[in-house]
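Novice: Next comes the structure file work.cif, holding mmCIF, C-alpha atoms and all ligand atoms.
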```cif
data_coords
#
loop_
_atom_site.label_atom_id
_atom_site.label_comp_id
_atom_site.auth_asym_id
_atom_site.auth_seq_id
_atom_site.Cartn_x
_atom_site.Cartn_y
_atom_site.Cartn_z
CA MET A 1 -12.54 34.80 12.24
CA THR A 2 -12.23 34.56 8.45
CA ALA A 3 -9.76 32.49 6.46
CA GLU A 4 -6.39 34.20 6.18
CA PRO A 5 -5.93 35.93 2.85
CA THR A 6 -2.83 33.81 2.29
CA THR A 7 -2.88 30.04 2.48
CA ARG A 8 0.16 28.46 4.12
CA VAL A 9 1.59 25.38 2.41
CA LEU A 10 3.45 23.09 4.81
CA LYS A 11 5.46 19.98 3.94
CA ALA A 12 4.04 17.04 5.88
CA ASP A 13 6.07 16.71 9.09
CA ALA A 14 5.46 16.87 12.84
CA GLU A 15 5.57 20.66 12.83
CA ALA A 16 2.95 20.86 10.06
CA ILE A 17 0.66 18.48 11.96
CA GLY A 18 0.97 20.65 15.08
CA ALA A 19 0.24 23.81 13.09
CA ALA A 20 -2.81 22.23 11.46
CA ALA A 21 -4.15 20.98 14.81
CA ARG A 22 -3.79 24.49 16.29
CA CYS A 23 -5.46 25.98 13.23
CA LEU A 24 -8.45 23.63 13.62
CA ALA A 25 -8.67 24.34 17.36
CA ALA A 26 -8.88 28.07 16.54
CA GLY A 27 -11.81 27.45 14.19
CA GLY A 28 -9.68 27.55 11.04
CA LEU A 29 -9.69 25.47 7.87
CA ALA A 30 -6.81 23.09 7.11
CA ALA A 31 -6.54 20.80 4.06
CA PHE A 32 -4.73 17.50 4.48
CA PRO A 33 -4.02 14.36 2.47
CA THR A 34 -5.96 11.14 2.92
CA GLU A 35 -5.39 7.96 0.93
CA THR A 36 -8.44 8.79 -1.24
CA VAL A 37 -8.37 12.54 -1.94
CA TYR A 38 -7.33 15.69 -0.06
CA GLY A 39 -9.86 16.72 2.57
CA LEU A 40 -10.70 20.21 3.79
CA GLY A 41 -10.79 19.87 7.56
CA ALA A 42 -12.69 21.78 10.24
CA ASP A 43 -13.45 21.10 13.91
CA ALA A 44 -16.58 18.91 13.67
CA GLY A 45 -17.93 20.34 16.92
CA ASN A 46 -17.62 24.01 15.91
CA GLY A 47 -20.68 25.12 13.93
CA GLU A 48 -19.15 28.42 12.81
CA ALA A 49 -15.99 26.71 11.57
CA VAL A 50 -18.22 24.30 9.63
CA ALA A 51 -20.17 27.24 8.19
CA ARG A 52 -16.91 28.83 7.01
CA LEU A 53 -15.95 25.50 5.44
CA TYR A 54 -19.12 25.49 3.32
CA ALA A 55 -18.44 29.12 2.39
CA ALA A 56 -14.85 28.32 1.32
CA LYS A 57 -16.07 25.48 -0.91
CA GLY A 58 -18.77 27.67 -2.36
CA ARG A 59 -21.38 24.97 -1.73
CA PRO A 60 -24.83 26.14 -2.77
CA ALA A 61 -26.35 23.60 -0.36
CA PHE A 62 -25.36 22.18 3.02
CA ASN A 63 -24.57 18.53 2.30
CA PRO A 64 -23.83 16.44 5.36
CA LEU A 65 -20.09 15.96 5.93
CA ILE A 66 -17.98 12.93 6.83
CA ALA A 67 -16.61 12.89 10.40
CA HIS A 68 -13.05 11.56 10.37
CA VAL A 69 -11.71 9.82 13.48
CA PRO A 70 -8.45 7.97 14.23
CA ASP A 71 -9.90 4.60 15.22
CA LEU A 72 -12.94 2.44 15.93
CA ALA A 73 -13.06 3.49 19.59
CA ALA A 74 -13.46 7.13 18.56
CA ALA A 75 -16.06 6.16 15.94
CA ARG A 76 -18.12 4.40 18.64
CA ARG A 77 -18.36 7.70 20.51
CA LEU A 78 -20.18 9.19 17.49
CA ALA A 79 -22.51 6.47 16.26
CA HIS A 80 -24.29 3.19 16.91
CA PHE A 81 -22.86 0.12 15.15
CA ASP A 82 -25.09 -2.81 14.18
CA ALA A 83 -23.65 -6.24 13.31
CA ALA A 84 -23.08 -5.34 9.66
CA ALA A 85 -21.32 -2.11 10.58
CA GLU A 86 -19.08 -4.00 13.04
CA ARG A 87 -18.06 -6.44 10.32
CA LEU A 88 -17.34 -3.71 7.77
CA ALA A 89 -15.32 -1.63 10.23
CA ALA A 90 -13.27 -4.68 11.24
CA ALA A 91 -12.58 -5.57 7.60
CA PHE A 92 -11.92 -2.16 6.04
CA TRP A 93 -10.83 0.36 8.68
CA PRO A 94 -8.54 2.14 8.49
CA GLY A 95 -9.21 2.61 4.79
CA PRO A 96 -11.37 4.11 2.03
CA LEU A 97 -14.79 3.12 3.39
CA THR A 98 -17.29 5.52 4.98
CA LEU A 99 -20.17 4.17 7.08
CA VAL A 100 -23.43 6.10 7.52
CA LEU A 101 -24.77 5.16 10.96
CA PRO A 102 -27.37 6.34 13.50
CA LYS A 103 -25.71 9.17 15.39
CA ARG A 104 -25.37 9.09 19.16
CA ASP A 105 -27.24 11.84 20.96
CA ASP A 106 -24.04 12.78 22.79
CA CYS A 107 -21.81 12.72 19.67
CA GLY A 108 -20.92 16.40 20.08
CA LEU A 109 -20.96 17.08 16.34
CA ALA A 110 -22.34 20.40 15.11
CA ASP A 111 -25.86 20.07 13.68
CA LEU A 112 -24.66 21.93 10.60
CA ALA A 113 -21.97 19.29 9.94
CA LEU A 114 -24.74 16.65 9.79
CA ALA A 115 -27.09 19.01 7.91
CA GLY A 116 -29.57 18.34 10.71
CA LEU A 117 -29.80 14.58 10.05
CA ASP A 118 -30.01 11.86 12.72
CA SER A 119 -27.38 9.80 10.90
CA VAL A 120 -23.67 10.48 10.63
CA ALA A 121 -21.07 9.46 8.05
CA VAL A 122 -17.91 8.18 9.78
CA ARG A 123 -14.55 7.31 8.31
CA VAL A 124 -11.20 6.13 9.69
CA PRO A 125 -8.61 7.09 7.06
CA ALA A 126 -5.43 5.05 6.54
CA HIS A 127 -3.11 7.86 5.40
CA PRO A 128 -0.39 8.43 8.04
CA VAL A 129 -0.68 12.23 7.83
CA ALA A 130 -4.46 12.12 8.28
CA ARG A 131 -4.08 9.71 11.21
CA GLU A 132 -1.43 11.81 12.92
CA LEU A 133 -3.53 14.94 12.51
CA LEU A 134 -6.57 13.18 13.98
CA LEU A 135 -4.47 11.97 16.94
CA ALA A 136 -2.96 15.43 17.47
CA PHE A 137 -6.32 17.22 17.28
CA ALA A 138 -7.92 14.51 19.44
CA LYS A 139 -11.46 15.37 18.29
CA PRO A 140 -13.41 14.47 15.13
CA ILE A 141 -12.57 16.43 11.98
CA VAL A 142 -15.17 16.94 9.27
CA ALA A 143 -13.61 16.95 5.82
CA PRO A 144 -15.27 17.10 2.44
CA SER A 145 -13.03 16.85 -0.58
CA ALA A 146 -10.88 20.01 -0.72
CA ASN A 147 -12.22 21.43 -3.98
CA ARG A 148 -14.56 24.22 -4.98
CA SER A 149 -18.13 22.98 -5.29
CA GLY A 150 -18.71 21.45 -8.71
CA HIS A 151 -15.00 20.79 -9.35
CA VAL A 152 -13.32 17.38 -9.24
CA SER A 153 -11.76 16.11 -6.03
CA PRO A 154 -8.10 17.06 -5.50
CA THR A 155 -5.39 14.39 -5.31
CA SER A 156 -2.44 16.74 -4.73
CA ALA A 157 -1.72 19.88 -2.71
CA ALA A 158 -1.40 21.78 -6.00
CA HIS A 159 -4.99 20.84 -6.91
CA VAL A 160 -6.16 22.11 -3.53
CA LEU A 161 -4.34 25.40 -3.99
CA SER A 162 -5.67 25.98 -7.47
CA ASP A 163 -9.23 25.77 -6.09
CA LEU A 164 -8.88 27.18 -2.58
CA ARG A 165 -5.77 29.39 -2.32
CA GLY A 166 -6.64 32.43 -0.23
CA ARG A 167 -9.88 30.83 0.98
CA ILE A 168 -8.42 28.45 3.59
CA ASP A 169 -5.72 28.77 6.24
CA LEU A 170 -3.29 26.02 5.32
CA VAL A 171 -2.56 22.91 3.30
CA ILE A 172 -0.38 20.03 4.43
CA ASP A 173 1.44 18.75 1.34
CA GLY A 174 1.79 14.99 1.69
CA GLY A 175 2.29 14.22 -1.99
CA PRO A 176 -0.20 12.54 -4.31
CA CYS A 177 -3.09 10.41 -2.96
CA ALA A 178 -2.67 6.68 -3.53
CA VAL A 179 -6.33 5.75 -4.10
CA GLY A 180 -7.33 8.85 -6.05
CA VAL A 181 -11.11 8.43 -5.79
CA GLU A 182 -13.31 9.15 -2.79
CA SER A 183 -14.23 6.58 -0.17
CA SER A 184 -17.04 4.12 -0.84
CA ILE A 185 -20.09 4.90 1.29
CA VAL A 186 -22.32 2.23 2.85
CA ALA A 187 -25.30 3.04 5.08
CA CYS A 188 -26.00 0.69 8.00
CA LEU A 189 -29.35 2.10 9.13
CA GLY A 190 -31.25 -1.09 8.39
CA GLU A 191 -30.45 -3.30 5.42
CA PRO A 192 -26.90 -2.29 4.39
CA ALA A 193 -27.15 0.07 1.42
CA TRP A 194 -24.64 1.14 -1.23
CA LEU A 195 -24.63 4.94 -1.37
CA ARG A 196 -21.48 5.81 -3.29
CA PRO A 197 -18.94 3.75 -5.22
CA GLY A 198 -15.34 4.54 -4.26
CA GLY A 199 -12.07 3.14 -2.99
CA VAL A 200 -13.45 -0.22 -1.75
CA ALA A 201 -15.12 -2.43 -4.35
CA ARG A 202 -18.76 -3.32 -3.86
CA GLU A 203 -17.96 -7.03 -4.30
CA ALA A 204 -15.42 -6.92 -1.47
CA ILE A 205 -18.03 -5.39 0.83
CA GLU A 206 -20.68 -7.92 -0.16
CA ARG A 207 -18.25 -10.78 0.50
CA VAL A 208 -17.65 -9.54 4.03
CA LEU A 209 -21.38 -9.07 4.64
CA GLY A 210 -22.33 -12.35 2.98
CA GLN A 211 -25.25 -10.58 1.29
CA PRO A 212 -25.86 -8.14 -1.54
CA LEU A 213 -26.08 -4.44 -0.80
CA SER A 214 -29.30 -2.69 -1.63
CA GLU A 215 -28.98 0.12 -4.11
CA GLN A 216 -29.65 3.58 -2.63
CA ARG A 217 -27.25 5.79 -4.50
CA LEU A 218 -26.96 9.32 -3.20
CA PRO A 219 -28.98 11.77 -5.21
CA GLU A 220 -26.33 13.91 -6.91
CA ASP A 221 -27.37 17.22 -5.39
CA ALA A 222 -29.58 15.95 -2.59
CA ALA A 223 -32.56 16.69 -4.83
CA PRO A 224 -36.02 15.64 -3.60
CA LEU A 225 -35.95 11.92 -2.97
CA ALA A 226 -37.56 9.10 -4.83
CA PRO A 227 -39.70 6.90 -2.55
CA GLY A 228 -37.62 4.41 -0.61
CA MET A 229 -34.44 6.45 -0.75
CA LEU A 230 -32.57 7.64 2.30
CA ALA A 231 -33.84 10.87 3.73
CA SER A 232 -30.99 13.18 2.81
CA HIS A 233 -32.34 16.40 4.21
CA TYR A 234 -33.73 17.60 7.47
CA ALA A 235 -37.52 17.73 7.67
CA PRO A 236 -39.28 19.23 10.71
CA LYS A 237 -42.78 18.17 11.78
CA ALA A 238 -43.96 21.78 11.90
CA LYS A 239 -44.97 23.57 8.70
CA LEU A 240 -42.51 26.25 7.65
CA ARG A 241 -43.78 29.60 6.35
CA LEU A 242 -40.86 31.22 4.51
CA ASP A 243 -40.09 34.92 4.02
CA ALA A 244 -42.61 35.73 6.73
CA GLU A 245 -43.10 39.41 7.49
CA ASN A 246 -45.29 38.86 10.53
CA VAL A 247 -46.11 36.18 13.07
CA ARG A 248 -49.51 34.51 13.14
CA ALA A 249 -51.17 33.24 16.29
CA GLY A 250 -49.62 30.00 17.50
CA GLU A 251 -46.57 30.20 15.25
CA ALA A 252 -43.00 29.95 16.48
CA LEU A 253 -40.57 32.43 14.90
CA LEU A 254 -37.19 31.78 13.33
CA ALA A 255 -35.77 35.28 13.12
CA PHE A 256 -32.80 36.76 11.29
CA GLY A 257 -31.36 40.17 12.05
CA PRO A 258 -33.25 42.70 14.15
CA ALA A 259 -36.51 40.88 14.86
CA PRO A 260 -39.80 42.75 14.57
CA GLY A 261 -42.27 42.69 17.43
CA ALA A 262 -42.42 38.95 18.03
CA GLY A 263 -45.25 39.40 20.50
CA GLN A 264 -47.45 36.68 19.00
CA ALA A 265 -44.77 34.04 18.63
CA SER A 266 -45.01 31.05 20.97
CA LEU A 267 -41.20 30.90 20.91
CA THR A 268 -38.61 32.95 19.05
CA LEU A 269 -35.05 31.96 18.16
CA ASN A 270 -32.79 34.23 16.15
CA LEU A 271 -30.34 32.79 13.60
CA SER A 272 -28.17 35.88 13.97
CA PRO A 273 -29.43 39.06 15.62
CA ARG A 274 -26.57 40.97 13.94
CA GLY A 275 -27.46 39.57 10.52
CA ASP A 276 -24.28 37.50 10.08
CA LEU A 277 -24.73 34.62 7.61
CA VAL A 278 -21.90 32.48 9.05
CA GLU A 279 -23.49 32.65 12.49
CA ALA A 280 -26.90 32.01 10.95
CA ALA A 281 -25.69 28.88 9.15
CA ALA A 282 -24.13 27.54 12.35
CA ASN A 283 -27.46 27.97 14.16
CA LEU A 284 -29.82 26.88 11.36
CA PHE A 285 -30.49 23.22 12.17
CA SER A 286 -30.26 23.48 15.96
CA HIS A 287 -32.73 26.39 16.01
CA LEU A 288 -35.12 24.59 13.64
CA ARG A 289 -34.98 21.49 15.83
CA ALA A 290 -35.60 23.47 19.01
CA LEU A 291 -38.57 25.33 17.52
CA ASP A 292 -39.99 22.07 16.15
CA ALA A 293 -39.54 20.38 19.53
CA SER A 294 -41.60 23.15 21.17
CA GLY A 295 -44.65 21.58 19.49
CA ALA A 296 -45.64 24.69 17.53
CA PRO A 297 -47.67 23.59 14.50
CA ALA A 298 -45.98 26.16 12.27
CA ILE A 299 -42.76 28.13 12.16
CA ALA A 300 -42.62 31.58 10.56
CA VAL A 301 -39.19 32.13 9.02
CA MET A 302 -37.98 35.65 8.35
CA LYS A 303 -36.32 36.44 5.04
CA VAL A 304 -32.63 35.51 4.85
CA PRO A 305 -30.63 37.27 2.10
CA ARG A 306 -29.57 34.99 -0.74
CA GLU A 307 -25.94 36.11 -0.97
CA GLY A 308 -22.95 34.09 0.30
CA LEU A 309 -24.00 31.33 2.72
CA GLY A 310 -27.54 32.69 2.43
CA GLU A 311 -27.96 30.66 -0.75
CA ALA A 312 -27.36 27.39 1.10
CA ILE A 313 -29.48 28.51 4.06
CA ASN A 314 -32.38 29.27 1.70
CA ASP A 315 -31.87 25.95 -0.09
CA ARG A 316 -32.20 24.00 3.16
CA LEU A 317 -35.14 26.08 4.35
CA ALA A 318 -36.94 25.42 1.05
CA ARG A 319 -36.35 21.65 1.41
CA ALA A 320 -37.50 21.73 5.04
CA ALA A 321 -40.65 23.60 3.93
CA ALA A 322 -41.45 21.28 1.02
CA PRO A 323 -44.67 19.28 1.42
CA ARG A 324 -44.09 15.62 2.26
CA GLY A 325 -46.14 12.57 1.62
O1 LIG B 1 -12.77 9.96 0.43
C1 LIG B 1 -13.59 10.69 0.99
O2 LIG B 1 -14.64 10.27 1.46
C2 LIG B 1 -13.22 12.19 1.10
C3 LIG B 1 -12.02 12.31 2.03
C4 LIG B 1 -11.61 13.73 2.28
O3 LIG B 1 -12.31 11.64 3.26
N1 LIG B 1 -14.34 12.97 1.56
C5 LIG B 1 -15.43 13.19 0.77
O4 LIG B 1 -16.38 14.02 1.35
O5 LIG B 1 -15.57 12.72 -0.34
P1 LIG B 1 -17.57 14.73 0.52
O6 LIG B 1 -18.18 15.71 1.47
O7 LIG B 1 -17.01 15.29 -0.74
O8 LIG B 1 -18.59 13.59 0.24
C6 LIG B 1 -19.34 13.02 1.31
C7 LIG B 1 -20.62 12.42 0.82
C8 LIG B 1 -21.61 13.46 0.33
O9 LIG B 1 -22.19 13.02 -0.90
C9 LIG B 1 -22.66 13.47 1.43
O10 LIG B 1 -23.94 13.81 0.95
C10 LIG B 1 -22.60 12.05 1.95
O11 LIG B 1 -21.23 11.74 1.91
N2 LIG B 1 -23.09 11.93 3.32
C11 LIG B 1 -22.53 12.45 4.44
N3 LIG B 1 -23.30 12.20 5.53
C12 LIG B 1 -24.37 11.49 5.10
C13 LIG B 1 -25.53 10.94 5.74
N4 LIG B 1 -25.73 11.04 7.05
N5 LIG B 1 -26.42 10.26 4.97
C14 LIG B 1 -26.21 10.12 3.63
N6 LIG B 1 -25.15 10.64 2.97
C15 LIG B 1 -24.23 11.30 3.68
MG MG B 2 -16.77 15.97 -2.78
#
```
Could you express the structure from this file as structure tokens?

Specialist:
Amino acid sequence: MTAEPTTRVLKADAEAIGAAARCLAAGGLAAFPTETVYGLGADAGNGEAVARLYAAKGRPAFNPLIAHVPDLAAARRLAHFDAAAERLAAAFWPGPLTLVLPKRDDCGLADLALAGLDSVAVRVPAHPVARELLLAFAKPIVAPSANRSGHVSPTSAAHVLSDLRGRIDLVIDGGPCAVGVESSIVACLGEPAWLRPGGVAREAIERVLGQPLSEQRLPEDAAPLAPGMLASHYAPKAKLRLDAENVRAGEALLAFGPAPGAGQASLTLNLSPRGDLVEAAANLFSHLRALDASGAPAIAVMKVPREGLGEAINDRLARAAAPRG
């Protein structure tokens, strides 16, 4: 399924919430207001819907997305909370704070939504329309800001339309966003760390924690990390050999399109036998993980075209192949 050529604009009411929930359930893309900025929602458990979301935004790289849930109970089904995370959730949820936490193995989120990471960003928004949509859909919704990549975040339905009209299925118009900047992001994966300034002031967070936050600001474009920074991209143990045209003894094979004789490969997984980039994106991280888990020392990766989502797929493959210290 591709986004409808026309984007429906619905005034925020019960009918619009129902329509958006059905759209998400069908793998569609629905923008909705939160108190910070408008989000572009997709079913967090549907890898192909998430792939279409990246395509609609025109993201050149797969950045991990925030999983939105209606309450703390739903958040606990996705991630592990340490004492600091418990305190922050109690103080600031619902509201403009996102917590990056160790993901639960049974979280059910698509690997692509997490960009293959073992952590997950979770947020409980306060906006009534966002909350009602989350309750109606009854599953986590991933939602980056509803703008084209490289543009500023939208704080009205008109902003969303000017960037994404014709690229997404619908927008719920709930008027302007009250906060107007994105959520603050704090990682609780050890010492609590300040990843992104936003709708909750750093001082307010430090008061609740009773300690200063360490500084680990997100690298703007998830560029290679300085030592000590959060790992922001997926890194397999196996060595990746990109644009491979053959398979060497002992290698596992990550194929794309009609695979050549994979006779030598210890294990072969195909991103998309029919050469579809949306399907390939949805399978990227889960296939890499499965090949890595097989214990193969190296993974040969067939060439993936660089058009459309292929640009982001190649970006993540290059990062996964980069030598590490
Ligand atoms: O206010 C907001 O947070 C809005 C509304 C729609 O909720 N959403 C938003 O999403 O700003 P987005 O995708 O534009 O920004 C999310 C940021 C990205 O910089 C991403 O790299 C980071 O969160 N992020 C997500 N998961 C992460 C993780 N596991 N570790 C580190 N950073 C993460
Ligand atoms: Mg954004």

Novice: Kindly provide the residues of chain A that approach ligand LIG 1 (chain B) to within 6 Å, each paired with its closest atom pair and their distance in Å to one decimal, based on only C-alpha atoms and all ligand atoms, listed by chain and increasing number, as a Markdown table.

Specialist:
```
| residue | atom | partner | partner_atom | distance |
| --- | --- | --- | --- | --- |
| A:Thr36 | CA | B:LIG1 | O1 | 4.8 |
| A:Val37 | CA | B:LIG1 | C3 | 5.4 |
| A:Tyr38 | CA | B:LIG1 | C4 | 5.3 |
| A:Gly39 | CA | B:LIG1 | C4 | 3.5 |
| A:Asn63 | CA | B:LIG1 | O10 | 4.9 |
| A:Pro64 | CA | B:LIG1 | N3 | 4.3 |
| A:Leu65 | CA | B:LIG1 | C11 | 4.5 |
| A:Ile66 | CA | B:LIG1 | C11 | 5.2 |
| A:Val100 | CA | B:LIG1 | N4 | 5.5 |
| A:Ser119 | CA | B:LIG1 | N4 | 4.4 |
| A:Val120 | CA | B:LIG1 | N4 | 4.2 |
| A:Ala121 | CA | B:LIG1 | N3 | 4.3 |
| A:Ala143 | CA | B:LIG1 | C4 | 5.2 |
| A:Pro144 | CA | B:LIG1 | O6 | 3.4 |
| A:Ser145 | CA | B:LIG1 | O7 | 4.3 |
| A:Glu182 | CA | B:LIG1 | O1 | 3.4 |
| A:Ser183 | CA | B:LIG1 | O1 | 3.7 |
| A:Ser232 | CA | B:LIG1 | C14 | 5.7 |
```

Novice: Looking at only C-alpha atoms, which of A:Pro154, A:Gly27, A:Gly210, A:Pro70 is the one that sits closest to Val50 of chain A?

Specialist: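 Distance minimum relative to Val50 of chain A lands on A:Gly27.
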
Novice: Looking at A:Met302, A:Val69, A:Ala136, A:Ala321, which one is nearest to Ala280 of chain A, with distances taken over all atoms listed in the file?

Specialist: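 Closest to Ala280 of chain A, using all atoms listed in the file: A:Met302.
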
Novice: To one decimal in Å, tell me the separation between atom CA of Thr268 of chain A and atom CA of Ile313 of chain A.

Specialist: 18.1 Å

Novice: Let me make sure I understand: among A:Val129, A:Ala26, A:Ala282, A:Leu114, which one has the smallest atom-to-atom distance to Asp43 of chain A if we use only C-alpha atoms?

Specialist: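 Result for the nearest residue to Asp43 of chain A: A:Ala26.
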
Novice: Do you have the atom CA of Arg148 of chain A-atom CA of Arg52 of chain A distance handy?

Specialist: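 Value for the atom CA of Arg148 of chain A-atom CA of Arg52 of chain A distance: 13.1 Å.
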
Novice: What separation in Å, quoted to one decimal, exists between atom CA of His287 of chain A and atom CA of Asn270 of chain A?

Specialist: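 Value for the atom CA of His287 of chain A-atom CA of Asn270 of chain A distance: 7.8 Å.
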
Novice: Which residue is closest to Lys237 of chain A? Choose from A:Gly295, A:Gly174, A:Gly310, A:Gly45 and count only C-alpha atoms.

Specialist: A:Gly295

Novice: Which is closest to Glu307 of chain A among A:Pro140, A:Pro60, A:Pro94, A:Gly199, if we use all atoms listed in the file?

Specialist: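 Using all atoms listed in the file, Glu307 of chain A sits closest to A:Pro60.
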
Novice: Mind checking which residues fall within 8 Å of Leu112 of chain A, counting only C-alpha atoms, ignoring those fewer than 5 positions away in the same chain, and posting them as a list in words?

Specialist: Gly47, Val50, Ala51, Phe62, Pro64, Ala281, Ala282, Asn283, Leu284, Phe285 and Ser286 of chain A

Novice: Using only C-alpha atoms and all ligand atoms, which of the listed residues (A:His159, A:Arg87, A:His151, A:Arg123) sits closest to ligand MG 2 (chain B)?

Specialist: A:His151

Novice: So that I can check the surroundings of Pro192 of chain A, please list as a ChimeraX atom specification every protein, DNA and RNA residue that reaches within 7 Å of it, counting only C-alpha atoms and ignoring chain neighbours fewer than 6 positions away.

Specialist: /A:186,213-214

Novice: Emit as lines of an AutoDock Vina configuration file the padded axis-aligned box for all listed atoms of segment 84-92 of chain A, 4 Å per side, with centre and edge lengths in Å to one decimal.

Specialist:
```
center_x = -17.5
center_y = -4.0
center_z = 9.5
size_x = 19.2
size_y = 12.8
size_z = 15.0
```

Novice: Name all residues at most 9 Å from Asp292 of chain A (count only C-alpha atoms; drop same-chain ones fewer than 5 positions away) and give them as a CSV table (one decimal) with C-alpha atoms, in the coordinates of the input.

Specialist:
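around02.csv was written with the following content:
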```
chain,number,residue,atom,x,y,z
A,236,PRO,CA,-39.3,19.2,10.7
A,237,LYS,CA,-42.8,18.2,11.8
A,238,ALA,CA,-44.0,21.8,11.9
A,252,ALA,CA,-43.0,30.0,16.5
A,287,HIS,CA,-32.7,26.4,16.0
A,297,PRO,CA,-47.7,23.6,14.5
A,298,ALA,CA,-46.0,26.2,12.3
A,299,ILE,CA,-42.8,28.1,12.2
```
